[in-house]
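Trainee: Here you go, this is query02.pdb (PDB, C-alpha atoms).
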```pdb
ATOM      1  CA  MET A   4      29.840   8.301  10.330
ATOM      2  CA  ALA A   5      27.093   9.602   8.021
ATOM      3  CA  ARG A   6      24.899   7.010   6.362
ATOM      4  CA  LYS A   7      24.771   6.662   2.598
ATOM      5  CA  ARG A   8      21.588   7.709   0.749
ATOM      6  CA  ASP A   9      20.623   4.121  -0.149
ATOM      7  CA  GLU A  10      21.535   2.697   3.277
ATOM      8  CA  PRO A  11      18.583   1.790   5.509
ATOM      9  CA  VAL A  12      17.965   4.063   8.454
ATOM     10  CA  ARG A  13      19.891   3.175  11.594
ATOM     11  CA  LEU A  14      17.671   2.947  14.660
ATOM     12  CA  THR A  15      19.754   2.834  17.799
ATOM     13  CA  ARG A  16      16.853   3.452  20.160
ATOM     14  CA  ILE A  17      13.163   2.859  19.476
ATOM     15  CA  TYR A  18      11.709   5.315  21.967
ATOM     16  CA  THR A  19      12.779   8.939  21.788
ATOM     17  CA  ARG A  20      10.207  10.660  24.051
ATOM     18  CA  GLY A  21       9.880  13.221  21.239
ATOM     19  CA  GLY A  22       6.252  12.334  20.618
ATOM     20  CA  ASP A  23       5.065  12.317  24.208
ATOM     21  CA  ALA A  24       3.373  15.717  23.816
ATOM     22  CA  GLY A  25       1.396  14.647  20.744
ATOM     23  CA  GLU A  26       3.820  15.829  18.078
ATOM     24  CA  THR A  27       6.104  13.965  15.687
ATOM     25  CA  SER A  28       8.664  14.810  13.049
ATOM     26  CA  LEU A  29       8.148  14.764   9.309
ATOM     27  CA  GLY A  30      10.900  13.454   7.054
ATOM     28  CA  ASP A  31      12.405  16.941   6.706
ATOM     29  CA  GLY A  32      12.681  17.327  10.499
ATOM     30  CA  SER A  33       9.745  19.724  10.901
ATOM     31  CA  ARG A  34       7.416  18.996  13.827
ATOM     32  CA  VAL A  35       3.670  18.496  13.396
ATOM     33  CA  SER A  36       0.763  17.249  15.467
ATOM     34  CA  LYS A  37       0.212  13.508  15.387
ATOM     35  CA  LEU A  38      -3.259  14.480  14.137
ATOM     36  CA  ASP A  39      -1.727  16.065  10.996
ATOM     37  CA  CYS A  40      -3.346  14.755   7.827
ATOM     38  CA  ARG A  41      -0.023  13.349   6.561
ATOM     39  CA  ILE A  42       0.487  11.357   9.749
ATOM     40  CA  GLY A  43      -2.987   9.861   9.307
ATOM     41  CA  ALA A  44      -2.249   9.003   5.682
ATOM     42  CA  PHE A  45       1.026   7.254   6.274
ATOM     43  CA  GLY A  46      -0.410   5.583   9.371
ATOM     44  CA  ALA A  47      -3.052   3.987   7.136
ATOM     45  CA  VAL A  48      -0.303   2.998   4.683
ATOM     46  CA  ASP A  49       1.593   1.404   7.588
ATOM     47  CA  GLU A  50      -1.552  -0.516   8.553
ATOM     48  CA  LEU A  51      -1.908  -1.690   4.960
ATOM     49  CA  ASN A  52       1.701  -2.840   4.955
ATOM     50  CA  SER A  53       1.041  -4.772   8.174
ATOM     51  CA  HIS A  54      -1.922  -6.522   6.550
ATOM     52  CA  LEU A  55       0.296  -7.491   3.633
ATOM     53  CA  GLY A  56       2.680  -8.978   6.186
ATOM     54  CA  VAL A  57      -0.216 -11.103   7.466
ATOM     55  CA  VAL A  58      -1.003 -12.149   3.884
ATOM     56  CA  LEU A  59       2.624 -13.175   3.355
ATOM     57  CA  ALA A  60       2.769 -15.001   6.703
ATOM     58  CA  GLY A  61      -0.024 -17.280   5.528
ATOM     59  CA  ASP A  62      -0.581 -19.656   2.686
ATOM     60  CA  VAL A  63      -0.543 -17.451  -0.406
ATOM     61  CA  PRO A  64       0.240 -18.591  -3.952
ATOM     62  CA  VAL A  65       4.031 -18.701  -4.320
ATOM     63  CA  ARG A  66       3.828 -16.659  -7.502
ATOM     64  CA  PHE A  67       2.394 -13.690  -5.532
ATOM     65  CA  ARG A  68       5.176 -13.576  -2.927
ATOM     66  CA  PRO A  69       7.792 -11.528  -4.809
ATOM     67  CA  TRP A  70       5.104  -9.121  -6.008
ATOM     68  CA  LEU A  71       3.734  -8.544  -2.510
ATOM     69  CA  GLU A  72       7.213  -8.303  -0.997
ATOM     70  CA  ARG A  73       8.052  -5.614  -3.571
ATOM     71  CA  VAL A  74       4.800  -3.798  -2.753
ATOM     72  CA  GLN A  75       5.749  -3.825   0.934
ATOM     73  CA  GLN A  76       9.055  -2.138   0.085
ATOM     74  CA  LEU A  77       7.288   0.431  -2.092
ATOM     75  CA  LEU A  78       4.714   1.147   0.605
ATOM     76  CA  PHE A  79       7.581   2.088   2.896
ATOM     77  CA  ASP A  80       8.870   4.366   0.128
ATOM     78  CA  LEU A  81       5.348   5.783  -0.236
ATOM     79  CA  GLY A  82       5.222   6.506   3.498
ATOM     80  CA  ALA A  83       8.559   8.294   3.188
ATOM     81  CA  ASP A  84       7.148  10.261   0.241
ATOM     82  CA  LEU A  85       4.162  11.330   2.352
ATOM     83  CA  SER A  86       6.394  12.264   5.281
ATOM     84  CA  VAL A  87       8.466  14.818   3.382
ATOM     85  CA  PRO A  88       6.784  18.008   2.153
ATOM     86  CA  TYR A  89       6.427  17.733  -1.625
ATOM     87  CA  GLY A  90       8.476  20.826  -2.411
ATOM     88  CA  VAL A  91      11.596  19.324  -0.796
ATOM     89  CA  ALA A  92      13.821  18.129  -3.638
ATOM     90  CA  ASP A  93      16.061  15.065  -3.852
ATOM     91  CA  ARG A  94      13.853  12.831  -1.720
ATOM     92  CA  LEU A  95      12.416   9.371  -2.213
ATOM     93  CA  ARG A  96       9.223   9.639  -4.273
ATOM     94  CA  ILE A  97       6.780   7.190  -5.848
ATOM     95  CA  ASP A  98       7.270   7.338  -9.615
ATOM     96  CA  GLN A  99       5.401   6.305 -12.746
ATOM     97  CA  ALA A 100       7.490   3.125 -13.084
ATOM     98  CA  ALA A 101       5.990   1.793  -9.815
ATOM     99  CA  ILE A 102       2.482   2.412 -11.150
ATOM    100  CA  ASP A 103       3.335   0.860 -14.513
ATOM    101  CA  GLU A 104       4.463  -2.313 -12.726
ATOM    102  CA  LEU A 105       1.172  -2.560 -10.823
ATOM    103  CA  GLU A 106      -0.758  -2.126 -14.070
ATOM    104  CA  ARG A 107       1.354  -4.818 -15.741
ATOM    105  CA  LEU A 108       0.606  -7.237 -12.905
ATOM    106  CA  CYS A 109      -3.102  -6.363 -12.960
ATOM    107  CA  ASP A 110      -3.283  -7.078 -16.688
ATOM    108  CA  GLU A 111      -1.240 -10.287 -16.452
ATOM    109  CA  VAL A 112      -3.208 -11.868 -13.613
ATOM    110  CA  ASN A 113      -6.631 -10.585 -14.660
ATOM    111  CA  ALA A 114      -6.198 -12.103 -18.148
ATOM    112  CA  GLU A 115      -6.167 -15.556 -16.508
ATOM    113  CA  LEU A 116      -9.419 -15.033 -14.568
ATOM    114  CA  PRO A 117     -12.982 -15.633 -15.690
ATOM    115  CA  GLU A 118     -15.016 -12.575 -16.574
ATOM    116  CA  LEU A 119     -16.807 -10.978 -13.636
ATOM    117  CA  ARG A 120     -20.563 -11.532 -13.715
ATOM    118  CA  SER A 121     -21.392 -10.144 -10.275
ATOM    119  CA  PHE A 122     -19.759  -8.282  -7.412
ATOM    120  CA  VAL A 123     -17.374 -10.488  -5.451
ATOM    121  CA  LEU A 124     -17.813 -10.872  -1.704
ATOM    122  CA  PRO A 125     -14.668 -10.984   0.426
ATOM    123  CA  GLY A 126     -13.859 -14.590   1.189
ATOM    124  CA  GLY A 127     -13.255 -17.952  -0.349
ATOM    125  CA  THR A 128      -9.842 -19.121   0.771
ATOM    126  CA  ALA A 129      -8.031 -17.682   3.781
ATOM    127  CA  ALA A 130      -5.473 -16.082   1.439
ATOM    128  CA  ALA A 131      -8.208 -14.457  -0.648
ATOM    129  CA  ALA A 132      -9.977 -13.179   2.469
ATOM    130  CA  ARG A 133      -6.742 -11.631   3.801
ATOM    131  CA  LEU A 134      -6.088 -10.017   0.406
ATOM    132  CA  HIS A 135      -9.597  -8.540   0.480
ATOM    133  CA  VAL A 136      -8.920  -7.083   3.940
ATOM    134  CA  ALA A 137      -5.699  -5.559   2.604
ATOM    135  CA  ARG A 138      -7.669  -4.166  -0.366
ATOM    136  CA  ALA A 139     -10.211  -2.525   1.941
ATOM    137  CA  VAL A 140      -7.440  -0.998   4.070
ATOM    138  CA  CYS A 141      -5.736   0.189   0.874
ATOM    139  CA  ARG A 142      -8.928   2.010  -0.116
ATOM    140  CA  ARG A 143      -8.961   3.727   3.288
ATOM    141  CA  ALA A 144      -5.299   4.678   2.925
ATOM    142  CA  GLU A 145      -6.157   6.153  -0.462
ATOM    143  CA  ARG A 146      -9.025   8.180   1.052
ATOM    144  CA  ASP A 147      -6.739   9.421   3.830
ATOM    145  CA  ALA A 148      -4.125  10.447   1.243
ATOM    146  CA  ILE A 149      -6.788  12.250  -0.809
ATOM    147  CA  ALA A 150      -7.905  14.117   2.323
ATOM    148  CA  ALA A 151      -4.287  15.057   3.047
ATOM    149  CA  ALA A 152      -3.793  16.236  -0.549
ATOM    150  CA  ARG A 153      -6.644  18.692  -0.021
ATOM    151  CA  GLU A 154      -4.732  20.283   2.849
ATOM    152  CA  VAL A 155      -1.086  20.060   1.746
ATOM    153  CA  GLU A 156       0.698  19.469  -1.524
ATOM    154  CA  LEU A 157       1.509  15.779  -2.050
ATOM    155  CA  ASN A 158       3.088  13.814  -4.844
ATOM    156  CA  PRO A 159       0.023  13.105  -7.031
ATOM    157  CA  LEU A 160       1.459   9.700  -7.964
ATOM    158  CA  VAL A 161       0.914   8.548  -4.357
ATOM    159  CA  LEU A 162      -2.845   8.675  -4.971
ATOM    160  CA  VAL A 163      -2.537   6.856  -8.294
ATOM    161  CA  TYR A 164      -0.313   4.158  -6.745
ATOM    162  CA  LEU A 165      -2.768   3.438  -3.929
ATOM    163  CA  ASN A 166      -5.688   3.336  -6.355
ATOM    164  CA  ARG A 167      -3.898   0.881  -8.638
ATOM    165  CA  LEU A 168      -2.700  -1.201  -5.684
ATOM    166  CA  SER A 169      -6.263  -1.715  -4.474
ATOM    167  CA  ASP A 170      -7.118  -2.978  -7.972
ATOM    168  CA  LEU A 171      -4.201  -5.413  -7.857
ATOM    169  CA  LEU A 172      -5.182  -6.698  -4.416
ATOM    170  CA  PHE A 173      -8.729  -7.345  -5.657
ATOM    171  CA  ILE A 174      -7.383  -9.257  -8.667
ATOM    172  CA  LEU A 175      -4.954 -11.237  -6.499
ATOM    173  CA  ALA A 176      -7.783 -12.170  -4.120
ATOM    174  CA  ARG A 177      -9.751 -13.542  -7.089
ATOM    175  CA  ALA A 178      -6.649 -15.324  -8.360
ATOM    176  CA  ALA A 179      -5.960 -16.856  -4.929
ATOM    177  CA  ASN A 180      -9.412 -18.437  -5.003
ATOM    178  CA  ALA A 181      -8.884 -19.624  -8.581
ATOM    179  CA  ALA A 182      -5.474 -21.121  -7.744
ATOM    180  CA  ALA A 183      -7.028 -23.127  -4.908
ATOM    181  CA  GLY A 184      -9.975 -24.227  -7.059
ATOM    182  CA  ALA A 185     -12.303 -22.449  -4.638
ATOM    183  CA  ASP A 186     -15.592 -20.948  -5.715
ATOM    184  CA  GLU A 187     -15.686 -17.202  -5.673
ATOM    185  CA  PRO A 188     -18.344 -15.914  -3.269
ATOM    186  CA  LEU A 189     -20.603 -13.724  -5.395
ATOM    187  CA  TRP A 190     -23.112 -11.126  -4.312
ATOM    188  CA  LYS A 191     -26.709 -12.165  -4.809
ATOM    189  CA  PRO A 192     -28.861  -9.033  -4.545
ATOM    190  CA  GLY A 193     -31.466  -9.502  -1.835
ATOM    191  CA  GLY A 194     -29.906 -12.877  -1.037
TER     192      GLY A 194
END
```
Will you turn the file into structure tokens for me?
Mentor:
Amino acid sequence: MARKRDEPVRLTRIYTRGGDAGETSLGDGSRVSKLDCRIGAFGAVDELNSHLGVVLAGDVPVRFRPWLERVQQLLFDLGADLSVPYGVADRLRIDQAAIDELERLCDEVNAELPELRSFVLPGGTAAAARLHVARAVCRRAERDAIAAAREVELNPLVLVYLNRLSDLLFILARAANAAAGADEPLWKPGG
């Protein structure tokens, strides 16, 4: 029986032996080297998603949970977007609405925070530190996607989404410290 478009993928066996020679399949079925720029980009996105799982497994402000859970879902969509050549129609793609939601969250949470007077060091609470790690990995995923976009055509909104997501993760890290009443570790030049 064929699966419906909105039905999750059915995985009946985890290993396939198809990648044993250093190749893997893109979302359209074409085979590429595991060193292909798109594989690197969605591998970094997968790593980012794993870090968000660590954030959610810990003590994070309850208010953040649905936002981060939604981001995890969208990062899987983003990986699917990267895995299908951009010219292939009728495929899952990151859209402007996903970016608009990140911007809305950035504005909402940032409005509650004190004005920045210095660069913020990663740390404070455990939740804030984990969010900063996720932010740093997000920046790397963005760089990997930019590098891939120089070699193959990608949905340009993927790059915008990752850029905006790193902003949100920075703001959430600050907000996690604020919610716990923890001081924000600030950079002291030469300190």
Trainee: Would you kindly translate the PyMOL selection byres ((chain A and resi 159) around 10) into the concrete residues it picks from this file, as a PyMOL selection string?
Mentor: chain A and resi 89+97-98+148-149+152+156-158+160-164
Trainee: What gap, in Å, lies between CA of His135 (chain A) and CA of Phe79 (chain A)?
Mentor: 20.3 Å
Trainee: List the neighbours of Ala178 (chain A) out to 10 Å using all atoms listed in the file; skip same-chain residues closer than 6 positions along the sequence, and give me the result as a VMD selection string.
Mentor: chain A and resid 64 67 112 to 113 115 to 117 130 to 131 172 184 to 185 187
Trainee: Just say which residues the PyMOL selection byres ((chain A and resi 61) around 12) picks in this file, as a ChimeraX atom specification.
Mentor: /A:54-60,62-65,67-68,128-134
Trainee: I need the residue nearest Leu124 (chain A) from this list: A:Asp147, A:Asp186, A:Glu72, A:Asp80. Use all atoms listed in the file for the distance.
Mentor: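 Ranked by minimum distance to Leu124 (chain A), first place goes to A:Asp186.
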Trainee: To one decimal place in Å, what is the distance between CA of Arg107 (chain A) and CA of Ala144 (chain A)?
Mentor: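 Value for the CA of Arg107 (chain A)-CA of Ala144 (chain A) distance: 22.0 Å.
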Trainee: Take the point (-0.1, 19.6, 2.2) as written in the file and pick out every residue within 10 Å of it, counting all atoms listed in the file; give the list as JSON, numbers by chain.
Mentor: {"A": [39, 40, 41, 85, 87, 88, 89, 90, 150, 151, 152, 153, 154, 155, 156, 157, 158]}
Trainee: One number please: CA of Asp49 (chain A) to CA of Leu78 (chain A), in Å, one decimal.
Mentor: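 Atom-to-atom, CA of Asp49 (chain A) and CA of Leu78 (chain A) are spaced 7.7 Å apart.
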Trainee: Can you work out which one of A:Leu189, A:Cys109, A:Ile102, A:Ala176 has the shortest atom-to-atom distance to Ser121 (chain A), counting only C-alpha atoms?
Mentor: A:Leu189
Trainee: Calculated over only C-alpha atoms, which of the candidates A:Arg138, A:Arg96, A:Arg34, A:Arg120 has the smallest distance to Pro188 (chain A)?
Mentor: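 The shortest atom-to-atom distance to Pro188 (chain A) comes from A:Arg120.
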Trainee: Would you mind telling me which residue in A:Ala139, A:Trp70, A:Ala182, A:Gly127 lies nearest to Asn166 (chain A) when using all atoms listed in the file?
Mentor: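 Using all atoms listed in the file, Asn166 (chain A) sits closest to A:Ala139.
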Trainee: Selection in question (the file shown): the PyMOL selection byres ((chain A and resi 171) around 8). Which residues does it include, as a list in words?
Mentor: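 So the PyMOL selection byres ((chain A and resi 171) around 8) ends up selecting Leu105, Glu106, Leu108, Cys109, Arg167, Leu168, Ser169, Asp170, Leu172, Phe173, Ile174 and Leu175 of chain A.
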Trainee: Give the answer as one residue: which of A:Arg94, A:Ala83, A:Val136, A:Phe122 has the shortest atom-to-atom distance to Ser53 (chain A), using all atoms listed in the file?
Mentor: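 Nearest candidate to Ser53 (chain A) out of A:Arg94, A:Ala83, A:Val136, A:Phe122: A:Val136.
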Trainee: Give me the box for region 110-127 of chain A as JSON, namely the centre and edge lengths in Å to one decimal of a box along x, y and z that holds every listed atom plus 6 Å on each side.
Mentor:
```
{"center_x": -11.3, "center_y": -12.5, "center_z": -8.5, "size_x": 32.2, "size_y": 22.9, "size_z": 31.3}
```
Trainee: Pick out the closest residue to Glu104 (chain A) from this set: A:Pro125, A:Leu77, A:Ala183, A:Ala92. Count all atoms listed in the file.
Mentor: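 Residue with the minimum atom-to-atom distance to Glu104 (chain A): A:Leu77.
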